[in-house]
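Shown next: input.txt, given as compact mmCIF, C-alpha atoms.
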# COMPACT_ATOMS: atom_id res chain seq x y z
CA MET A 1 28.80 -1.04 -7.12
CA LEU A 2 26.97 2.03 -8.44
CA ARG A 3 23.60 0.27 -8.19
CA TYR A 4 24.10 -0.14 -4.42
CA ILE A 5 24.97 3.51 -3.93
CA ILE A 6 22.37 4.85 -6.36
CA PRO A 7 19.90 1.94 -6.70
CA ILE A 8 18.02 3.41 -9.67
CA PHE A 9 21.07 2.68 -11.84
CA ASP A 10 21.09 -0.98 -12.74
CA PRO A 11 22.92 -2.18 -15.87
CA ASP A 12 21.15 -5.56 -15.76
CA VAL A 13 17.82 -3.91 -16.60
CA ARG A 14 18.66 -3.85 -20.31
CA HIS A 15 18.38 -7.63 -20.34
CA TRP A 16 14.83 -7.58 -18.97
CA SER A 17 11.69 -7.89 -21.05
CA GLY A 18 10.08 -4.71 -22.35
CA GLU A 19 7.14 -5.08 -19.96
CA ALA A 20 9.37 -5.40 -16.90
CA ARG A 21 11.44 -2.36 -17.94
CA PHE A 22 8.31 -0.30 -18.55
CA LEU A 23 6.90 -1.23 -15.12
CA ARG A 24 10.19 -0.26 -13.50
CA TRP A 25 10.10 3.16 -15.12
CA LEU A 26 6.45 3.61 -14.12
CA THR A 27 7.47 2.85 -10.53
CA LEU A 28 10.37 5.32 -10.63
CA LEU A 29 8.04 7.95 -12.12
CA TRP A 30 5.55 7.31 -9.30
CA ILE A 31 8.34 7.76 -6.74
CA SER A 32 9.50 10.99 -8.40
CA LEU A 33 6.00 12.50 -8.48
CA GLY A 34 5.55 11.53 -4.84
CA LEU A 35 8.79 13.14 -3.71
CA ILE A 36 8.02 16.35 -5.63
CA THR A 37 4.60 16.54 -3.98
CA LEU A 38 5.91 15.62 -0.53
CA PHE A 39 8.55 18.35 -0.60
CA SER A 40 5.93 21.01 -1.26
CA ALA A 41 3.44 19.59 1.24
CA SER A 42 5.92 19.13 4.10
CA TYR A 43 8.38 22.03 3.84
CA ALA A 44 6.42 24.64 5.79
CA VAL A 45 5.36 22.35 8.63
CA ALA A 46 8.86 20.84 8.86
CA GLU A 47 10.37 24.33 9.10
CA ALA A 48 7.94 25.23 11.88
CA GLU A 49 8.34 21.99 13.84
CA THR A 50 12.05 21.27 13.47
CA GLY A 51 13.66 24.40 12.00
CA ASN A 52 14.64 22.38 8.94
CA GLY A 53 12.26 22.46 5.98
CA TRP A 54 13.98 19.40 4.49
CA TYR A 55 13.38 17.28 7.60
CA TYR A 56 10.60 15.04 6.24
CA MET A 57 12.04 15.01 2.73
CA ILE A 58 15.44 13.76 3.90
CA ARG A 59 13.90 11.02 6.02
CA GLN A 60 11.67 9.95 3.14
CA LEU A 61 14.65 9.81 0.79
CA ILE A 62 16.45 7.52 3.25
CA TRP A 63 13.45 5.18 3.40
CA ILE A 64 13.12 5.20 -0.39
CA TRP A 65 16.83 4.35 -0.71
CA ILE A 66 16.43 1.42 1.71
CA GLY A 67 13.27 0.31 -0.09
CA LEU A 68 14.98 0.39 -3.49
CA GLN A 69 17.74 -1.90 -2.17
CA GLY A 70 15.07 -4.44 -1.27
CA PHE A 71 13.31 -3.72 -4.56
CA ASN A 72 16.44 -4.68 -6.51
CA ILE A 73 16.79 -7.92 -4.54
CA ILE A 74 13.16 -8.96 -5.07
CA VAL A 75 13.11 -8.36 -8.83
CA ARG A 76 16.06 -10.79 -9.08
CA SER A 77 14.58 -13.45 -6.79
CA PRO A 78 12.44 -16.26 -8.27
CA LEU A 79 8.91 -16.20 -6.92
CA GLN A 80 9.17 -19.81 -5.80
CA TYR A 81 11.80 -18.74 -3.25
CA LEU A 82 9.72 -15.76 -2.13
CA PHE A 83 6.73 -18.08 -1.59
CA LYS A 84 8.85 -20.22 0.73
CA LEU A 85 9.77 -17.16 2.79
CA SER A 86 6.31 -15.58 2.85
CA PRO A 87 4.73 -17.61 5.71
CA TRP A 88 7.70 -16.96 7.98
CA CYS A 89 7.66 -13.25 7.20
CA LEU A 90 3.87 -13.12 7.58
CA PHE A 91 3.93 -14.57 11.10
CA LEU A 92 6.92 -12.40 12.04
CA VAL A 93 5.00 -9.27 11.06
CA LEU A 94 1.91 -10.61 12.87
CA GLY A 95 4.07 -10.80 16.00
CA LEU A 96 5.09 -7.18 15.47
CA ILE A 97 1.42 -6.17 15.10
CA LEU A 98 0.54 -7.90 18.37
CA SER A 99 3.55 -6.33 20.09
CA THR A 100 2.12 -2.84 19.49
CA HIS A 101 -0.12 -3.58 22.47
CA VAL A 102 2.89 -4.17 24.75
CA PRO A 103 3.30 -1.18 27.12
CA GLY A 104 6.48 0.74 26.41
CA LEU A 105 6.86 -0.79 22.95
CA GLY A 106 3.70 0.30 21.16
CA GLU A 107 3.38 4.00 20.37
CA ASN A 108 -0.04 5.61 20.72
CA ILE A 109 -0.76 8.43 18.27
CA ASN A 110 -4.17 10.11 18.06
CA GLY A 111 -5.80 7.34 20.07
CA ALA A 112 -4.49 4.43 17.98
CA THR A 113 -1.59 2.11 18.82
CA ARG A 114 -0.38 1.17 15.36
CA TRP A 115 3.34 1.85 15.68
CA ILE A 116 6.43 0.39 17.33
CA LYS A 117 9.01 2.93 18.42
CA LEU A 118 12.62 1.89 17.91
CA GLY A 119 14.63 4.88 19.06
CA PRO A 120 13.82 7.76 16.68
CA VAL A 121 12.17 5.42 14.17
CA LEU A 122 8.47 4.52 14.07
CA ILE A 123 7.53 1.24 12.39
CA GLN A 124 3.93 0.48 11.37
CA PRO A 125 3.72 -3.32 11.10
CA SER A 126 0.27 -3.34 9.49
CA GLU A 127 1.78 -1.63 6.43
CA LEU A 128 4.56 -4.21 6.23
CA MET A 129 1.96 -7.00 6.30
CA LYS A 130 0.51 -6.11 2.88
CA PRO A 131 3.10 -7.69 0.52
CA PHE A 132 3.31 -10.91 2.55
CA LEU A 133 -0.47 -11.12 2.68
CA VAL A 134 -0.56 -10.87 -1.12
CA LEU A 135 2.09 -13.58 -1.52
CA GLN A 136 0.59 -16.06 0.92
CA SER A 137 -3.04 -15.57 -0.06
CA SER A 138 -2.11 -15.95 -3.75
CA LEU A 139 -0.32 -19.21 -2.94
CA ILE A 140 -3.24 -20.61 -0.91
CA PHE A 141 -6.11 -19.49 -3.15
CA GLY A 142 -4.15 -20.33 -6.29
CA GLN A 143 -3.84 -23.97 -5.16
CA TRP A 144 -7.21 -24.15 -3.40
CA GLU A 145 -8.52 -27.30 -5.09
CA ARG A 146 -5.33 -29.24 -4.35
CA ILE A 147 -5.01 -28.27 -0.69
CA PRO A 148 -6.59 -30.47 2.02
CA TRP A 149 -9.43 -28.93 4.01
CA ARG A 150 -7.32 -28.98 7.16
CA ILE A 151 -4.72 -26.73 5.53
CA ARG A 152 -7.41 -24.48 4.06
CA TRP A 153 -8.98 -23.89 7.46
CA GLN A 154 -5.62 -23.28 9.09
CA TRP A 155 -4.82 -20.48 6.65
CA LEU A 156 -8.32 -19.02 6.71
CA ILE A 157 -8.05 -18.80 10.49
CA ALA A 158 -4.57 -17.27 10.17
CA PHE A 159 -5.88 -14.61 7.78
CA ALA A 160 -8.79 -13.88 10.15
CA VAL A 161 -6.37 -13.49 13.10
CA ILE A 162 -4.24 -11.06 11.07
CA LEU A 163 -7.27 -8.92 10.19
CA ALA A 164 -8.52 -9.01 13.79
CA SER A 165 -5.11 -7.97 15.16
CA ILE A 166 -5.04 -4.95 12.82
CA LEU A 167 -8.64 -4.05 13.70
CA LEU A 168 -7.86 -4.09 17.44
CA GLN A 169 -5.13 -1.42 17.13
CA PRO A 170 -7.70 0.06 16.10
CA ASN A 171 -7.15 0.44 12.35
CA LEU A 172 -10.41 -0.12 10.48
CA SER A 173 -9.19 1.36 7.19
CA THR A 174 -6.15 -0.94 6.85
CA THR A 175 -8.24 -3.91 8.00
CA ALA A 176 -10.82 -3.12 5.32
CA LEU A 177 -8.15 -2.73 2.61
CA CYS A 178 -6.43 -6.02 3.54
CA GLY A 179 -9.78 -7.79 3.81
CA MET A 180 -10.94 -6.53 0.41
CA SER A 181 -7.60 -7.51 -1.13
CA LEU A 182 -7.89 -11.06 0.24
CA TRP A 183 -11.46 -11.27 -1.01
CA LEU A 184 -10.63 -10.01 -4.51
CA ILE A 185 -7.68 -12.40 -4.79
CA ALA A 186 -10.07 -15.21 -3.81
CA VAL A 187 -12.57 -14.01 -6.43
CA ALA A 188 -9.87 -14.02 -9.11
CA SER A 189 -8.86 -17.56 -8.11
CA GLY A 190 -12.34 -18.89 -8.87
CA ILE A 191 -13.32 -20.00 -5.37
CA PRO A 192 -17.05 -20.99 -5.18
CA ALA A 193 -19.43 -18.07 -4.70
CA ILE A 194 -20.92 -19.46 -1.47
CA TYR A 195 -17.61 -18.96 0.35
CA LEU A 196 -17.11 -15.49 -1.11
CA THR A 197 -20.62 -14.37 -0.19
CA SER A 198 -20.37 -15.60 3.39
CA THR A 199 -16.99 -13.94 3.95
CA ALA A 200 -18.21 -10.67 2.40
CA LEU A 201 -21.22 -10.64 4.73
CA GLY A 202 -18.98 -11.46 7.68
CA GLY A 203 -16.61 -8.62 6.81
CA ALA A 204 -19.46 -6.14 6.45
CA LEU A 205 -20.89 -7.22 9.81
CA THR A 206 -17.50 -6.86 11.48
CA ALA A 207 -17.10 -3.32 10.08
CA PHE A 208 -20.61 -2.42 11.26
CA ILE A 209 -19.89 -3.71 14.78
CA SER A 210 -16.57 -1.85 14.91
CA ILE A 211 -18.21 1.43 13.88
CA SER A 212 -21.04 0.86 16.37
CA LEU A 213 -18.66 0.27 19.29
CA ARG A 214 -16.21 3.12 18.58
CA GLU A 215 -17.55 6.62 18.87
CA TYR A 216 -14.76 8.29 16.90
CA GLN A 217 -15.47 6.03 13.91
CA ARG A 218 -19.17 6.93 14.03
CA GLU A 219 -18.21 10.61 14.18
CA ARG A 220 -16.06 10.20 11.06
CA VAL A 221 -18.98 8.71 9.16
CA THR A 222 -21.28 11.51 10.36
CA ALA A 223 -18.72 14.15 9.40
CA PHE A 224 -18.33 12.56 5.97
CA LEU A 225 -22.06 12.82 5.33
CA ASN A 226 -22.20 16.51 6.29
CA PRO A 227 -18.80 18.03 7.22
CA TRP A 228 -20.22 21.57 7.21
CA GLU A 229 -22.43 20.74 10.19
CA ASP A 230 -19.37 20.87 12.45
CA PRO A 231 -16.66 22.62 10.37
CA MET A 232 -14.43 23.40 13.37
CA GLY A 233 -14.84 19.98 14.98
CA ASN A 234 -15.39 16.55 13.47
CA GLY A 235 -15.73 17.96 9.96
CA TYR A 236 -12.61 20.13 10.13
CA GLN A 237 -10.26 17.81 8.20
CA LEU A 238 -12.67 17.22 5.34
CA VAL A 239 -13.74 20.87 5.11
CA GLN A 240 -10.12 22.04 4.84
CA SER A 241 -9.40 19.30 2.30
CA LEU A 242 -12.37 20.30 0.15
CA MET A 243 -11.27 23.92 0.32
CA ALA A 244 -7.80 22.91 -0.89
CA VAL A 245 -9.14 20.81 -3.76
CA GLY A 246 -11.63 23.51 -4.76
CA SER A 247 -9.01 26.27 -4.60
CA GLY A 248 -6.96 24.53 -7.26
CA GLY A 249 -9.48 25.29 -9.98
CA ILE A 250 -8.69 24.05 -13.46
CA PHE A 251 -4.92 24.48 -13.62
CA GLY A 252 -3.97 24.88 -9.96
CA THR A 253 -2.27 27.61 -7.99
CA GLY A 254 1.20 26.49 -9.04
CA TYR A 255 3.83 24.26 -7.48
CA GLY A 256 4.63 25.29 -3.91
CA MET A 257 1.78 27.82 -3.82
CA SER A 258 -0.80 25.88 -1.80
CA GLN A 259 -2.31 28.00 0.97
CA GLN A 260 -4.14 25.23 2.82
CA LYS A 261 -0.89 23.42 3.61
CA LEU A 262 0.14 26.46 5.68
CA PHE A 263 -1.28 25.05 8.94
CA TYR A 264 -4.92 24.94 7.84
CA LEU A 265 -5.03 21.46 6.34
CA PRO A 266 -4.07 18.82 8.97
CA ILE A 267 -1.59 15.99 8.28
CA GLN A 268 -1.02 17.50 4.85
CA TYR A 269 2.08 15.41 4.10
CA THR A 270 0.44 12.03 4.85
CA ASP A 271 -3.30 11.33 4.70
CA PHE A 272 -4.24 14.54 2.85
CA ILE A 273 -1.27 14.90 0.54
CA PHE A 274 -3.55 14.61 -2.51
CA SER A 275 -5.36 17.76 -1.35
CA VAL A 276 -2.10 19.71 -1.64
CA PHE A 277 -1.44 18.12 -5.04
CA ALA A 278 -4.93 19.07 -6.26
CA GLU A 279 -4.61 22.65 -5.03
CA GLU A 280 -1.25 23.18 -6.71
CA PHE A 281 -1.91 21.29 -9.97
CA GLY A 282 -5.67 21.72 -10.24
CA PHE A 283 -8.28 19.61 -11.97
CA VAL A 284 -5.96 18.93 -14.91
CA GLY A 285 -3.22 17.64 -12.62
CA GLY A 286 -5.71 15.45 -10.79
CA ILE A 287 -6.95 13.93 -14.07
CA ILE A 288 -3.37 13.26 -15.19
CA LEU A 289 -2.66 11.50 -11.89
CA LEU A 290 -5.81 9.38 -12.26
CA LEU A 291 -4.77 8.49 -15.82
CA PHE A 292 -1.37 7.44 -14.46
CA LEU A 293 -3.03 5.16 -11.90
CA PHE A 294 -5.32 3.79 -14.62
CA SER A 295 -2.28 3.04 -16.79
CA TYR A 296 -0.54 1.26 -13.92
CA ALA A 297 -3.65 -0.81 -13.18
CA THR A 298 -4.19 -1.65 -16.86
CA PHE A 299 -0.60 -2.76 -17.31
CA ALA A 300 -0.74 -4.84 -14.11
CA LEU A 301 -3.87 -6.61 -15.36
CA ARG A 302 -2.21 -7.17 -18.72
CA ILE A 303 0.70 -8.82 -16.92
CA ALA A 304 -1.75 -10.94 -14.91
CA MET A 305 -3.60 -12.13 -18.01
CA LYS A 306 -0.34 -13.26 -19.62
CA CYS A 307 0.67 -15.41 -16.65
CA ARG A 308 0.95 -19.13 -17.31
CA HIS A 309 0.60 -19.95 -13.62
CA ARG A 310 -2.49 -19.04 -11.65
CA VAL A 311 -0.53 -18.25 -8.47
CA ASN A 312 1.61 -15.69 -10.30
CA ARG A 313 -1.52 -14.20 -11.83
CA LEU A 314 -3.03 -13.72 -8.37
CA VAL A 315 0.14 -11.99 -7.14
CA ALA A 316 -0.13 -9.45 -9.97
CA ILE A 317 -3.81 -8.88 -9.23
CA GLY A 318 -3.14 -8.50 -5.49
CA VAL A 319 -0.40 -5.93 -6.09
CA MET A 320 -2.66 -3.94 -8.41
CA VAL A 321 -5.55 -4.01 -5.92
CA ILE A 322 -3.46 -2.69 -3.03
CA MET A 323 -1.30 -0.15 -4.88
CA VAL A 324 -3.99 1.39 -7.07
CA GLY A 325 -6.91 0.68 -4.71
CA GLN A 326 -5.21 2.37 -1.77
CA ALA A 327 -4.33 5.40 -3.92
CA LEU A 328 -7.96 5.70 -5.05
CA LEU A 329 -9.22 5.34 -1.47
CA ASN A 330 -6.86 8.14 -0.40
CA ILE A 331 -8.15 10.35 -3.22
CA GLY A 332 -11.74 9.46 -2.28
CA VAL A 333 -11.14 10.60 1.30
CA ALA A 334 -9.51 13.88 0.20
CA THR A 335 -12.39 14.71 -2.14
CA GLY A 336 -15.14 13.76 0.31
CA ALA A 337 -16.30 10.71 -1.63
CA LEU A 338 -15.38 8.40 1.28
CA PRO A 339 -15.26 8.75 5.09
CA THR A 340 -11.98 10.02 6.53
CA THR A 341 -9.50 7.20 7.10
CA GLY A 342 -5.83 6.87 7.88
CA LEU A 343 -4.72 5.29 4.60
CA PRO A 344 -1.62 6.90 3.05
CA PHE A 345 -1.16 7.47 -0.66
CA PRO A 346 1.42 4.85 -1.80
CA LEU A 347 4.81 6.39 -2.65
CA PHE A 348 3.35 9.90 -2.12
CA SER A 349 2.61 10.12 1.60
CA TYR A 350 5.41 10.48 4.13
CA GLY A 351 6.13 7.24 5.95
CA GLY A 352 8.88 4.64 6.04
CA SER A 353 6.73 1.54 6.52
CA SER A 354 4.36 2.56 3.72
CA SER A 355 7.28 3.24 1.36
CA LEU A 356 8.90 -0.13 2.09
CA ALA A 357 5.62 -2.00 1.61
CA SER A 358 4.79 -0.17 -1.63
CA LEU A 359 8.23 -0.77 -3.15
CA THR A 360 8.06 -4.44 -2.17
CA LEU A 361 4.68 -4.76 -3.88
CA ALA A 362 5.92 -2.97 -7.00
CA ALA A 363 8.95 -5.28 -7.10
CA LEU A 364 6.69 -8.35 -6.89
CA LEU A 365 4.71 -7.15 -9.92
CA ILE A 366 7.91 -6.62 -11.90
CA ARG A 367 9.12 -10.08 -10.86
CA VAL A 368 5.89 -11.57 -12.21
CA ALA A 369 6.45 -9.69 -15.49
CA ARG A 370 10.00 -11.03 -15.70
CA GLU A 371 8.91 -14.61 -15.11
CA ASN A 372 6.26 -14.30 -17.81
CA ASN A 373 9.09 -13.94 -20.31
CA GLU A 374 11.64 -16.18 -18.58
CA ALA A 375 9.44 -19.24 -18.08
CA PRO A 376 11.96 -21.68 -19.61
CA VAL A 377 14.59 -20.53 -17.11
CA VAL A 378 12.70 -19.57 -13.97
CA THR A 379 9.35 -21.18 -13.31
CA LEU A 380 6.94 -21.84 -10.49
CA SER A 381 7.04 -25.62 -10.76
CA VAL A 382 3.94 -27.73 -10.32
CA PRO A 383 4.92 -30.17 -7.57
CA SER A 384 3.19 -33.42 -6.74
CA LYS A 385 1.65 -31.75 -3.73
CA PRO A 386 0.83 -28.11 -2.97
CA VAL A 387 3.57 -25.71 -1.87
CA ILE A 388 2.36 -24.16 1.42
Now that the file is in, can you turn its structure into structure tokens?
Amino acid sequence: MLRYIIPIFDPDVRHWSGEARFLRWLTLLWISLGLITLFSASYAVAEAETGNGWYYMIRQLIWIWIGLQGFNIIVRSPLQYLFKLSPWCLFLVLGLILSTHVPGLGENINGATRWIKLGPVLIQPSELMKPFLVLQSSLIFGQWERIPWRIRWQWLIAFAVILASILLQPNLSTTALCGMSLWLIAVASGIPAIYLTSTALGGALTAFISISLREYQRERVTAFLNPWEDPMGNGYQLVQSLMAVGSGGIFGTGYGMSQQKLFYLPIQYTDFIFSVFAEEFGFVGGIILLLFLFSYATFALRIAMKCRHRVNRLVAIGVMVIMVGQALLNIGVATGALPTTGLPFPLFSYGGSSSLASLTLAALLIRVARENNEAPVVTLSVPSKPVI
């Protein structure tokens, strides 16, 4: 009963393999660091907006609690059952993405309609798509040689429709992340280079067309190249972020002592939360965080290399690409290495949908680690025909 009330307490964990236990503690450490950073980044703005400095922190804790309940279910569920559910969940979330364009249901924020408003709760379906995209693409690409061409084309078209529906919100950054994740999973599966090259060129052309047709995306690219040209306009976000990162120096200003979060740095508790972290913990803190991400990625790849089944291996790789890749993209934006995008930092940035998606992905990786050591009991069987 305690594990349902406080989901981080789970007596069954002692029976897991050492790798699965270590990954679980890495995930809990990631959550803890994120909550510590979020509290500092959000307190002042929450106090000003709502009169309650704990407003965003409390809501995030609720989402984390809900996410951990799902996390505990997934780490106990054989992957073969999750693969059976993944296409249904994928098309359900696709329906939610398309419904953001329905007047009165979709919520427009800063010119983009990426959310569904359900009372006081905002849901971002494109975030929820990520774990199901990893599951289904791993299943398809992992069995590529054994799947008829008709089925291959059906799923390739389905993946293209998903990416197009996210792009039309518009949400170029999430589309690019999902597209790159699909492509890297395909690369890891050993699909012939001709298909990978053609899809990469197609994706690059689509991104170029999107940037060409949308003025605000062109302005972001221009501001990224020289934010100081318009420091009070298009370059404002990046200039303030660079000032925050630079102000941290070697050891930082100290926890809670960031000045840029005091209404200078915009969206400081979501897209630019790393800027607050860098200001308060400095260059040393930033390096430690990067080493943490490197450790997570290394351990995920180690899990992938130990997999007996190619599909499971692709799931581990897909989780690593999205979790660590998205974190690095967020850091790249905050430090001016990449154009400004709307990608949150997994398990750091405020957001219910992002938290649920990230915890689902982390749970899938732990499930893969568990099945690596429980193969005689729980396996992904090799049926006479592909499981799709």
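Distances here use all atoms listed in the file; by that measure, the residue among A:Tyr255, A:Phe9, A:Phe294, A:Phe71 closest to Ala357 of chain A is A:Phe71.
When atom CA of Ile331 of chain A is paired with atom CA of Met57 of chain A, their separation reads 21.6 Å.
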Considering all atoms listed in the file, return as a list in words whatever protein or nucleic-acid residues lie within 10 Å of Ile74 of chain A, sequence-local ones (same chain, fewer than 2 positions apart) excluded.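 That gives Leu68, Gln69, Gly70, Phe71, Asn72, Arg76, Ser77, Pro78, Leu79, Leu82, Leu359, Thr360, Leu361, Ala362, Ala363, Leu364, Leu365, Ile366 and Arg367 of chain A.
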I want to know what sits within 12 Å of Gly106 of chain A, based on all atoms listed in the file, with residues of the same chain fewer than 2 positions away left out; could you give that as a list in words?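 Counting all atoms listed in the file, the residues come to Leu96, Ile97, Leu98, Ser99, Thr100, His101, Val102, Pro103, Gly104, Asn108, Ile109, Gly111, Ala112, Thr113, Arg114, Trp115, Ile116, Lys117, Leu118, Leu122, Ile123, Gln124, Pro125 and Gln169 of chain A.
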Counting only C-alpha atoms, which residue out of A:Gly179, A:Trp25, A:Ser353, A:Pro170 sits closest to Leu201 of chain A?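 The shortest atom-to-atom distance to Leu201 of chain A comes from A:Gly179.
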Which is closest to Thr199 of chain A among A:Ile66, A:Leu156, A:Thr270, A:Ile73, if we use all atoms listed in the file?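 So, comparing all the options, the nearest one is A:Leu156.
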